[in-house]
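J.: Next comes query-v6.cif, mmCIF, C-alpha atoms:
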data_entry
loop_
_atom_site.group_PDB
_atom_site.id
_atom_site.type_symbol
_atom_site.label_atom_id
_atom_site.label_comp_id
_atom_site.auth_asym_id
_atom_site.auth_seq_id
_atom_site.Cartn_x
_atom_site.Cartn_y
_atom_site.Cartn_z
ATOM 1 C CA MET A 169 8.924 -10.634 12.791
ATOM 2 C CA VAL A 170 7.864 -10.093 9.180
ATOM 3 C CA LYS A 171 10.337 -9.768 6.313
ATOM 4 C CA THR A 172 9.791 -7.164 3.602
ATOM 5 C CA SER A 173 9.854 -9.926 0.985
ATOM 6 C CA GLU A 174 6.904 -11.563 2.796
ATOM 7 C CA LEU A 175 4.993 -8.256 2.944
ATOM 8 C CA ARG A 176 5.331 -7.814 -0.815
ATOM 9 C CA MET A 177 3.485 -11.094 -1.489
ATOM 10 C CA LYS A 178 0.367 -10.237 0.559
ATOM 11 C CA ASP A 179 -2.798 -8.659 -0.868
ATOM 12 C CA VAL A 180 -3.726 -5.309 0.673
ATOM 13 C CA ILE A 181 -7.470 -5.125 1.435
ATOM 14 C CA ASN A 182 -9.347 -2.033 2.612
ATOM 15 C CA VAL A 183 -11.728 -2.992 5.440
ATOM 16 C CA VAL A 184 -13.866 0.106 4.818
ATOM 17 C CA ASP A 185 -15.197 -1.055 1.433
ATOM 18 C CA GLY A 186 -13.646 -4.508 0.930
ATOM 19 C CA ARG A 187 -11.671 -3.319 -2.087
ATOM 20 C CA ARG A 188 -8.435 -5.074 -3.030
ATOM 21 C CA LEU A 189 -5.806 -2.353 -3.392
ATOM 22 C CA GLY A 190 -3.013 -4.581 -4.707
ATOM 23 C CA LEU A 191 0.376 -5.757 -3.504
ATOM 24 C CA ILE A 192 2.943 -3.694 -1.615
ATOM 25 C CA GLY A 193 5.534 -2.286 -3.976
ATOM 26 C CA ASP A 194 7.609 -0.162 -1.626
ATOM 27 C CA LEU A 195 8.077 0.992 1.960
ATOM 28 C CA GLU A 196 8.758 4.501 3.239
ATOM 29 C CA LEU A 197 11.147 4.406 6.177
ATOM 30 C CA ASP A 198 11.996 6.892 8.917
ATOM 31 C CA LEU A 199 15.703 6.178 9.291
ATOM 32 C CA GLU A 200 16.129 8.467 12.307
ATOM 33 C CA GLN A 201 13.439 6.646 14.291
ATOM 34 C CA GLY A 202 14.059 3.221 12.741
ATOM 35 C CA ARG A 203 10.384 2.789 11.790
ATOM 36 C CA VAL A 204 8.229 2.123 8.765
ATOM 37 C CA LYS A 205 6.275 5.295 7.955
ATOM 38 C CA SER A 206 4.040 3.933 5.222
ATOM 39 C CA VAL A 207 3.590 1.289 2.561
ATOM 40 C CA VAL A 208 3.144 2.049 -1.121
ATOM 41 C CA VAL A 209 0.814 0.070 -3.388
ATOM 42 C CA PRO A 210 1.570 0.778 -7.072
ATOM 43 C CA GLY A 211 -1.329 1.987 -9.196
ATOM 44 C CA ALA A 212 -2.904 -0.316 -11.767
ATOM 45 C CA SER A 213 -1.430 -0.198 -15.256
ATOM 46 C CA ARG A 214 -3.525 1.252 -18.037
ATOM 47 C CA PHE A 215 -4.208 -0.642 -21.269
ATOM 48 C CA LEU A 216 -1.434 -3.234 -21.302
ATOM 49 C CA GLY A 217 0.975 -0.791 -19.664
ATOM 50 C CA LEU A 218 1.218 1.333 -22.820
ATOM 51 C CA PHE A 219 -0.386 4.417 -21.289
ATOM 52 C CA GLY A 220 1.360 4.432 -17.924
ATOM 53 C CA ARG A 221 -0.447 3.577 -14.740
ATOM 54 C CA ASP A 222 -2.672 5.094 -12.097
ATOM 55 C CA ARG A 223 -1.222 6.898 -9.097
ATOM 56 C CA ASP A 224 0.340 4.957 -6.266
ATOM 57 C CA THR A 225 -1.616 4.443 -3.051
ATOM 58 C CA VAL A 226 0.350 5.503 0.028
ATOM 59 C CA ILE A 227 -0.941 3.941 3.249
ATOM 60 C CA ASP A 228 0.269 5.273 6.577
ATOM 61 C CA TRP A 229 1.562 2.549 8.894
ATOM 62 C CA ARG A 230 -1.066 3.559 11.498
ATOM 63 C CA GLN A 231 -3.814 2.649 9.010
ATOM 64 C CA ILE A 232 -2.746 -1.008 8.966
ATOM 65 C CA GLN A 233 -5.213 -2.966 11.098
ATOM 66 C CA LYS A 234 -3.864 -6.512 10.807
ATOM 67 C CA ILE A 235 -1.128 -8.399 8.979
ATOM 68 C CA GLY A 236 -2.285 -11.962 8.345
ATOM 69 C CA GLN A 237 -0.797 -14.965 6.564
ATOM 70 C CA ASP A 238 -2.254 -14.025 3.163
ATOM 71 C CA VAL A 239 -3.544 -10.452 3.429
ATOM 72 C CA ILE A 240 -2.887 -7.082 5.028
ATOM 73 C CA LEU A 241 -6.031 -5.345 6.274
ATOM 74 C CA VAL A 242 -5.962 -1.560 6.152
ATOM 75 C CA GLU A 243 -8.472 1.167 6.982
ATOM 76 C CA VAL A 244 -8.360 3.842 4.294
ATOM 77 C CA THR A 245 -11.154 6.387 4.021
ATOM 78 C CA GLY A 246 -11.507 8.975 1.306
ATOM 79 C CA SER A 247 -9.224 9.030 -1.737
ATOM 80 C CA TYR A 248 -6.785 6.170 -2.265
ATOM 81 C CA GLU A 249 -4.366 8.039 -4.465
ATOM 82 C CA GLN A 250 -1.258 9.893 -3.420
ATOM 83 C CA PRO A 251 -1.825 13.661 -3.537
ATOM 84 C CA THR A 252 -0.242 15.479 -6.459
ATOM 85 C CA GLN A 253 2.691 17.703 -5.630
ATOM 86 C CA SER A 254 2.716 21.243 -7.026
#
Represent the structure of the file as structure tokens.
T.:
Amino acid sequence: MVKTSELRMKDVINVVDGRRLGLIGDLELDLEQGRVKSVVVPGASRFLGLFGRDRDTVIDWRQIQKIGQDVILVEVTGSYEQPTQS
């Protein structure tokens, strides 16, 4: 079993391109099914945090390949950012 506090301290790495996406900032839960739907990696801050930050990266739970001691390996293809809502 893995605690959410332990998940938040692991680096998220994309196995497709080797890019470090960051640390988990939040989880999206399906309360009816009692499952984790996705993990959210906050976007990088811009210029000392004065100009906001980039969009969050939402990773579907099915895209997680392996949860190790230090890292979480994910397989994300295409755009990393969360789609904008209109």
J.: Which residues match the PyMOL selection byres ((chain A and resi 243) around 8) in the file above, as a CSV table (one decimal) with C-alpha atoms, in the frame of the given file?
T.:
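part39.csv, written as the output of this step:
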chain,number,residue,atom,x,y,z
A,182,ASN,CA,-9.3,-2.0,2.6
A,183,VAL,CA,-11.7,-3.0,5.4
A,184,VAL,CA,-13.9,0.1,4.8
A,231,GLN,CA,-3.8,2.6,9.0
A,232,ILE,CA,-2.7,-1.0,9.0
A,233,GLN,CA,-5.2,-3.0,11.1
A,241,LEU,CA,-6.0,-5.3,6.3
A,242,VAL,CA,-6.0,-1.6,6.2
A,244,VAL,CA,-8.4,3.8,4.3
A,245,THR,CA,-11.2,6.4,4.0
J.: Write out as a PDB file with C-alpha atoms, in the frame of the given file which residues come within 9 Å of Asp228 of chain A when counting all atoms listed in the file, dropping same-chain ones fewer than 5 positions away.
T.:
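Output (part.pdb):
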ATOM      1  CA  VAL A 204       8.229   2.123   8.765  1.00  0.00           C
ATOM      2  CA  LYS A 205       6.275   5.295   7.955  1.00  0.00           C
ATOM      3  CA  SER A 206       4.040   3.933   5.222  1.00  0.00           C
ATOM      4  CA  VAL A 207       3.590   1.289   2.561  1.00  0.00           C
ATOM      5  CA  VAL A 208       3.144   2.049  -1.121  1.00  0.00           C
TER       6      VAL A 208
END
J.: Residues within 12 Å of Ile235 of chain A, please, as a list in words. Count all atoms listed in the file; anything in the same chain fewer than 5 positions from it doesn't count.
T.: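 Contacts, in chain order: Met169, Val170, Lys171, Glu174, Leu175, Arg176, Met177, Lys178, Asp179, Val180, Ile181, Trp229, Ile240, Leu241 and Val242 of chain A.
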J.: Save out the residues we just selected, C-alpha atoms, as a compact mmCIF listing (two decimals), in the coordinates of the input.
T.:
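Dumped everything to part-v6.txt:
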# COMPACT_ATOMS: atom_id res chain seq x y z
CA MET A 169 8.92 -10.63 12.79
CA VAL A 170 7.86 -10.09 9.18
CA LYS A 171 10.34 -9.77 6.31
CA GLU A 174 6.90 -11.56 2.80
CA LEU A 175 4.99 -8.26 2.94
CA ARG A 176 5.33 -7.81 -0.82
CA MET A 177 3.48 -11.09 -1.49
CA LYS A 178 0.37 -10.24 0.56
CA ASP A 179 -2.80 -8.66 -0.87
CA VAL A 180 -3.73 -5.31 0.67
CA ILE A 181 -7.47 -5.12 1.44
CA TRP A 229 1.56 2.55 8.89
CA ILE A 240 -2.89 -7.08 5.03
CA LEU A 241 -6.03 -5.34 6.27
CA VAL A 242 -5.96 -1.56 6.15
J.: Give me, please, the distance in Å between atom CA of Glu196 of chain A and atom CA of Gln237 of chain A, quoted to one decimal.
T.: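 It comes out at 21.9 Å.
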J.: Work out how far apart atom CA of Gly211 of chain A and atom CA of Gly190 of chain A are and give it in Å to one decimal.
T.: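 A separation of 8.1 Å between them.
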J.: For atom CA of Gln201 of chain A and atom CA of Thr225 of chain A, determine how far apart the two atoms are, in Å to one decimal place.
T.: 23.1 Å
J.: Mind telling me what the PyMOL selection byres ((chain A and resi 193) around 7) catches here, as a list of chain:residue names?
T.: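 Taken over the shown coordinates, the PyMOL selection byres ((chain A and resi 193) around 7) returns A:Arg176, A:Leu191, A:Ile192, A:Asp194, A:Val208, A:Val209, A:Pro210.
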